Amino acid sequence: MRNIEIKAKVANLNRLLQLAKNLAHAEPILISQHDTFYNCITGRLKLRRLLKSGRGELIFYDRPDTEGPKLSSYEKTDLSSNEQLNSLHSVLAKALGIKSEVKKTRHLFLVGQTRVHVDEVESLGNFMELEVCLSSDQSEKDGEKIAYDLMAKLGVSEKDLICGAYADLLVVQKN
């Protein structure tokens with residue numbers, strides 16, 4: 001699976017939430033997440049716990065650490081119980097070691113083929129992610145065009161863009 005992603009720092013959370021709500025024509029879906037990132041040789045591997053449902057996902061993804069729209073390739077598997085999550089976490093932590101943990105409240109808006117995430121990240125602040133989900137017949141350029149269009153509509157400038165994952169920012173912050 002592929003998508004085009006951007007990530008940006010948010011200065012005015014309430015303004016961005018209102019703009020995203022207007023574009024989505026709907027209230028956001030609120031999701032409390034706890035992501036554990038594990039050490040791995042390539043890409044990133046995380047176990048996502050969806051706190052209110054007790055469900056989760058194991059997600060591997062690979063994307064360049066650059067600002068602006070970038071192609072992200074990913075694989076994921078759904079986990080349906082806390083028991084599965086705890087067991088898998090134990091195995092991965094022992095085998096690979098834990099790189100970082102990210103706790104956030106995500107406001108999810110769906111705008112066309114794009115998932116707009118407005119995230120309140122513990123110890124980091126407020127961010128926005130766009131994930132333009134590409135169909136098999138769409139090019140990276142198609143996704144980039146959609147991402148830049150949404151950035152403009154949401155009032156996100158290129159100076160707000162960041163690279164890397166929240167996990168990386170937390171590691172830098174600790175050092």
# chains A, B, ... in the order shown; residues from 1 in each chain; ligands from 1
>>> residues_around(residues="A:Ile59", least_positions_apart="6", cutoff="7 Å", atoms="only C-alpha atoms", output="list in words")
Leu45, Lys46, Leu47, Glu75, Lys76 and Thr77 of chain A
>>> write_last_selection(atoms="N, CA and C atoms", output="PDB file, in the first residue's frame")
ATOM      1  N   LEU A  45       9.120   0.379  12.523  1.00  0.00           N
ATOM      2  CA  LEU A  45       8.196  -0.657  12.966  1.00  0.00           C
ATOM      3  C   LEU A  45       7.555  -0.177  14.248  1.00  0.00           C
ATOM      4  N   LYS A  46       6.206  -0.136  14.261  1.00  0.00           N
ATOM      5  CA  LYS A  46       5.519   0.320  15.463  1.00  0.00           C
ATOM      6  C   LYS A  46       4.323  -0.560  15.757  1.00  0.00           C
ATOM      7  N   LEU A  47       4.062  -0.672  17.050  1.00  0.00           N
ATOM      8  CA  LEU A  47       2.867  -1.338  17.543  1.00  0.00           C
ATOM      9  C   LEU A  47       1.953  -0.232  18.045  1.00  0.00           C
ATOM     10  N   GLU A  75       2.989  -1.727   5.379  1.00  0.00           N
ATOM     11  CA  GLU A  75       2.272  -2.993   5.587  1.00  0.00           C
ATOM     12  C   GLU A  75       1.743  -2.945   7.006  1.00  0.00           C
ATOM     13  N   LYS A  76       0.551  -3.479   7.221  1.00  0.00           N
ATOM     14  CA  LYS A  76       0.041  -3.513   8.588  1.00  0.00           C
ATOM     15  C   LYS A  76      -0.818  -4.745   8.796  1.00  0.00           C
ATOM     16  N   THR A  77      -0.912  -5.123  10.060  1.00  0.00           N
ATOM     17  CA  THR A  77      -1.792  -6.218  10.436  1.00  0.00           C
ATOM     18  C   THR A  77      -2.588  -5.781  11.660  1.00  0.00           C
TER      19      THR A  77
END
>>> closest_atom_pairs(of="stretch 106-133 of chain A", to="stretch 84-102 of chain A", cutoff="12 Å", atoms="only C-alpha atoms", output="tab-separated table")
residue	atom	partner	partner_atom	distance
A:Arg106	CA	A:Val102	CA	11.8
A:Asp119	CA	A:Val102	CA	11.1
A:Glu120	CA	A:Val102	CA	10.6
A:Val121	CA	A:Val102	CA	7.2
A:Glu122	CA	A:Val102	CA	7.2
A:Ser123	CA	A:Val102	CA	8.9
A:Leu124	CA	A:Val102	CA	9.4
A:Gly125	CA	A:Val102	CA	11.6
>>> residues_around(residues="A:Tyr74", least_positions_apart="6", cutoff="10 Å", atoms="only C-alpha atoms", output="PDB file with N, CA, C and O atoms, in the first residue's frame")
ATOM      1  N   MET A   1       0.840  -1.168   0.000  1.00  0.00           N
ATOM      2  CA  MET A   1       0.000   0.000   0.000  1.00  0.00           C
ATOM      3  C   MET A   1       0.893   1.242   0.000  1.00  0.00           C
ATOM      4  O   MET A   1       1.978   1.217   0.554  1.00  0.00           O
ATOM      5  N   ARG A   2       0.396   2.309  -0.618  1.00  0.00           N
ATOM      6  CA  ARG A   2       1.190   3.526  -0.753  1.00  0.00           C
ATOM      7  C   ARG A   2       0.336   4.748  -0.441  1.00  0.00           C
ATOM      8  O   ARG A   2      -0.857   4.755  -0.708  1.00  0.00           O
ATOM      9  N   ASN A   3       1.001   5.745   0.108  1.00  0.00           N
ATOM     10  CA  ASN A   3       0.356   7.035   0.242  1.00  0.00           C
ATOM     11  C   ASN A   3       1.405   8.130   0.168  1.00  0.00           C
ATOM     12  O   ASN A   3       2.594   7.868   0.257  1.00  0.00           O
ATOM     13  N   GLY A  43      13.452   1.317   7.579  1.00  0.00           N
ATOM     14  CA  GLY A  43      12.109   1.810   7.834  1.00  0.00           C
ATOM     15  C   GLY A  43      11.819   1.953   9.316  1.00  0.00           C
ATOM     16  O   GLY A  43      12.719   2.101  10.148  1.00  0.00           O
ATOM     17  N   ARG A  44      10.529   1.872   9.632  1.00  0.00           N
ATOM     18  CA  ARG A  44      10.076   1.992  11.019  1.00  0.00           C
ATOM     19  C   ARG A  44       9.064   0.892  11.312  1.00  0.00           C
ATOM     20  O   ARG A  44       8.244   0.559  10.464  1.00  0.00           O
ATOM     21  N   LEU A  45       9.120   0.379  12.523  1.00  0.00           N
ATOM     22  CA  LEU A  45       8.196  -0.657  12.966  1.00  0.00           C
ATOM     23  C   LEU A  45       7.555  -0.177  14.248  1.00  0.00           C
ATOM     24  O   LEU A  45       8.254   0.181  15.215  1.00  0.00           O
ATOM     25  N   ILE A  59       2.508  -2.048  12.445  1.00  0.00           N
ATOM     26  CA  ILE A  59       2.703  -1.317  11.204  1.00  0.00           C
ATOM     27  C   ILE A  59       4.196  -1.197  10.907  1.00  0.00           C
ATOM     28  O   ILE A  59       4.969  -0.746  11.760  1.00  0.00           O
ATOM     29  N   PHE A  60       4.576  -1.596   9.696  1.00  0.00           N
ATOM     30  CA  PHE A  60       5.915  -1.323   9.181  1.00  0.00           C
ATOM     31  C   PHE A  60       5.756  -0.313   8.066  1.00  0.00           C
ATOM     32  O   PHE A  60       4.875  -0.455   7.212  1.00  0.00           O
ATOM     33  N   TYR A  61       6.575   0.734   8.079  1.00  0.00           N
ATOM     34  CA  TYR A  61       6.533   1.678   6.967  1.00  0.00           C
ATOM     35  C   TYR A  61       7.923   2.194   6.654  1.00  0.00           C
ATOM     36  O   TYR A  61       8.822   2.172   7.487  1.00  0.00           O
ATOM     37  N   ASP A  62       8.064   2.623   5.416  1.00  0.00           N
ATOM     38  CA  ASP A  62       9.336   3.139   4.938  1.00  0.00           C
ATOM     39  C   ASP A  62       9.043   4.388   4.126  1.00  0.00           C
ATOM     40  O   ASP A  62       8.203   4.352   3.212  1.00  0.00           O
ATOM     41  N   ARG A  63       9.683   5.486   4.502  1.00  0.00           N
ATOM     42  CA  ARG A  63       9.545   6.729   3.751  1.00  0.00           C
ATOM     43  C   ARG A  63      10.789   7.567   4.007  1.00  0.00           C
ATOM     44  O   ARG A  63      11.449   7.425   5.046  1.00  0.00           O
TER      45      ARG A  63
END
>>> select_by_dssp(residues="stretch 21-96 of chain A", states="helix (DSSP H, G or I)", output="number ranges by chain")
A: 21-24, 82-96
>>> write_last_selection(atoms="N, CA and C atoms", output="mmCIF file, in the first residue's frame")
data_model
loop_
_atom_site.group_PDB
_atom_site.id
_atom_site.type_symbol
_atom_site.label_atom_id
_atom_site.label_comp_id
_atom_site.auth_asym_id
_atom_site.auth_seq_id
_atom_site.Cartn_x
_atom_site.Cartn_y
_atom_site.Cartn_z
ATOM 1 N N LYS A 21 -12.572 20.480 9.724
ATOM 2 C CA LYS A 21 -13.988 20.120 9.881
ATOM 3 C C LYS A 21 -14.800 20.641 8.694
ATOM 4 N N ASN A 22 -14.524 21.872 8.274
ATOM 5 C CA ASN A 22 -15.236 22.447 7.125
ATOM 6 C C ASN A 22 -14.959 21.665 5.845
ATOM 7 N N LEU A 23 -13.709 21.255 5.643
ATOM 8 C CA LEU A 23 -13.356 20.488 4.438
ATOM 9 C C LEU A 23 -13.977 19.086 4.459
ATOM 10 N N ALA A 24 -14.025 18.477 5.638
ATOM 11 C CA ALA A 24 -14.544 17.113 5.764
ATOM 12 C C ALA A 24 -16.069 17.081 5.828
ATOM 13 N N ASN A 82 -6.174 -6.959 23.710
ATOM 14 C CA ASN A 82 -5.055 -6.523 24.544
ATOM 15 C C ASN A 82 -4.069 -7.659 24.778
ATOM 16 N N GLU A 83 -4.579 -8.874 24.881
ATOM 17 C CA GLU A 83 -3.700 -10.030 25.089
ATOM 18 C C GLU A 83 -2.730 -10.176 23.919
ATOM 19 N N GLN A 84 -3.223 -10.068 22.696
ATOM 20 C CA GLN A 84 -2.353 -10.136 21.516
ATOM 21 C C GLN A 84 -1.346 -8.992 21.519
ATOM 22 N N LEU A 85 -1.819 -7.786 21.825
ATOM 23 C CA LEU A 85 -0.935 -6.618 21.844
ATOM 24 C C LEU A 85 0.179 -6.783 22.871
ATOM 25 N N ASN A 86 -0.175 -7.206 24.065
ATOM 26 C CA ASN A 86 0.821 -7.370 25.128
ATOM 27 C C ASN A 86 1.825 -8.457 24.791
ATOM 28 N N SER A 87 1.361 -9.555 24.245
ATOM 29 C CA SER A 87 2.242 -10.655 23.885
ATOM 30 C C SER A 87 3.202 -10.241 22.766
ATOM 31 N N LEU A 88 2.672 -9.609 21.735
ATOM 32 C CA LEU A 88 3.507 -9.169 20.623
ATOM 33 C C LEU A 88 4.503 -8.109 21.086
ATOM 34 N N HIS A 89 4.070 -7.194 21.921
ATOM 35 C CA HIS A 89 4.971 -6.175 22.447
ATOM 36 C C HIS A 89 6.134 -6.828 23.202
ATOM 37 N N SER A 90 5.843 -7.813 24.014
ATOM 38 C CA SER A 90 6.884 -8.489 24.779
ATOM 39 C C SER A 90 7.927 -9.123 23.856
ATOM 40 N N VAL A 91 7.460 -9.797 22.820
ATOM 41 C CA VAL A 91 8.381 -10.451 21.873
ATOM 42 C C VAL A 91 9.228 -9.411 21.143
ATOM 43 N N LEU A 92 8.587 -8.369 20.618
ATOM 44 C CA LEU A 92 9.313 -7.351 19.850
ATOM 45 C C LEU A 92 10.296 -6.576 20.721
ATOM 46 N N ALA A 93 9.898 -6.260 21.945
ATOM 47 C CA ALA A 93 10.786 -5.522 22.846
ATOM 48 C C ALA A 93 12.038 -6.338 23.157
ATOM 49 N N LYS A 94 11.861 -7.642 23.388
ATOM 50 C CA LYS A 94 13.010 -8.499 23.691
ATOM 51 C C LYS A 94 13.887 -8.714 22.463
ATOM 52 N N ALA A 95 13.281 -8.875 21.305
ATOM 53 C CA ALA A 95 14.047 -9.172 20.090
ATOM 54 C C ALA A 95 14.718 -7.937 19.493
ATOM 55 N N LEU A 96 14.031 -6.794 19.521
ATOM 56 C CA LEU A 96 14.525 -5.620 18.802
ATOM 57 C C LEU A 96 14.897 -4.441 19.688
#
>>> select_by_dssp(residues="chain A", states="strand (DSSP E)", output="JSON, numbers by chain")
{"A": [2, 3, 4, 5, 6, 7, 8, 9, 29, 30, 31, 32, 33, 34, 35, 36, 37, 38, 44, 45, 46, 47, 48, 49, 50, 55, 56, 57, 58, 59, 60, 61, 62, 70, 71, 72, 73, 74, 75, 76, 77, 78, 79, 98, 99, 100, 101, 102, 103, 104, 105, 106, 107, 108, 109, 110, 111, 114, 115, 116, 117, 118, 119, 120, 121, 125, 126, 127, 128, 129, 130, 131, 132, 133]}
>>> atom_distance(atom1="atom CA of A:Glu158", atom2="atom CA of A:Gly68")
7.2 Å
>>> closest_residue(among="A:Thr42, A:Asn126, A:Gln113, A:Thr36", to="A:Asp160", atoms="only C-alpha atoms")
A:Asn126
>>> closest_residue(among="A:Lys103, A:His34, A:Lys70, A:Arg48", to="A:Leu130", atoms="only C-alpha atoms")
A:Lys70
>>> residues_around(residues="A:Leu150", least_positions_apart="5", cutoff="12 Å", atoms="only C-alpha atoms", output="ChimeraX atom specification")
/A:5-6,16,19-20,23-24,69,110-116,128-132,143-145,155-157
>>> closest_residue(among="A:Asp65, A:Asp137, A:Gln18, A:Leu169", to="A:Lys153", atoms="only C-alpha atoms")
A:Gln18
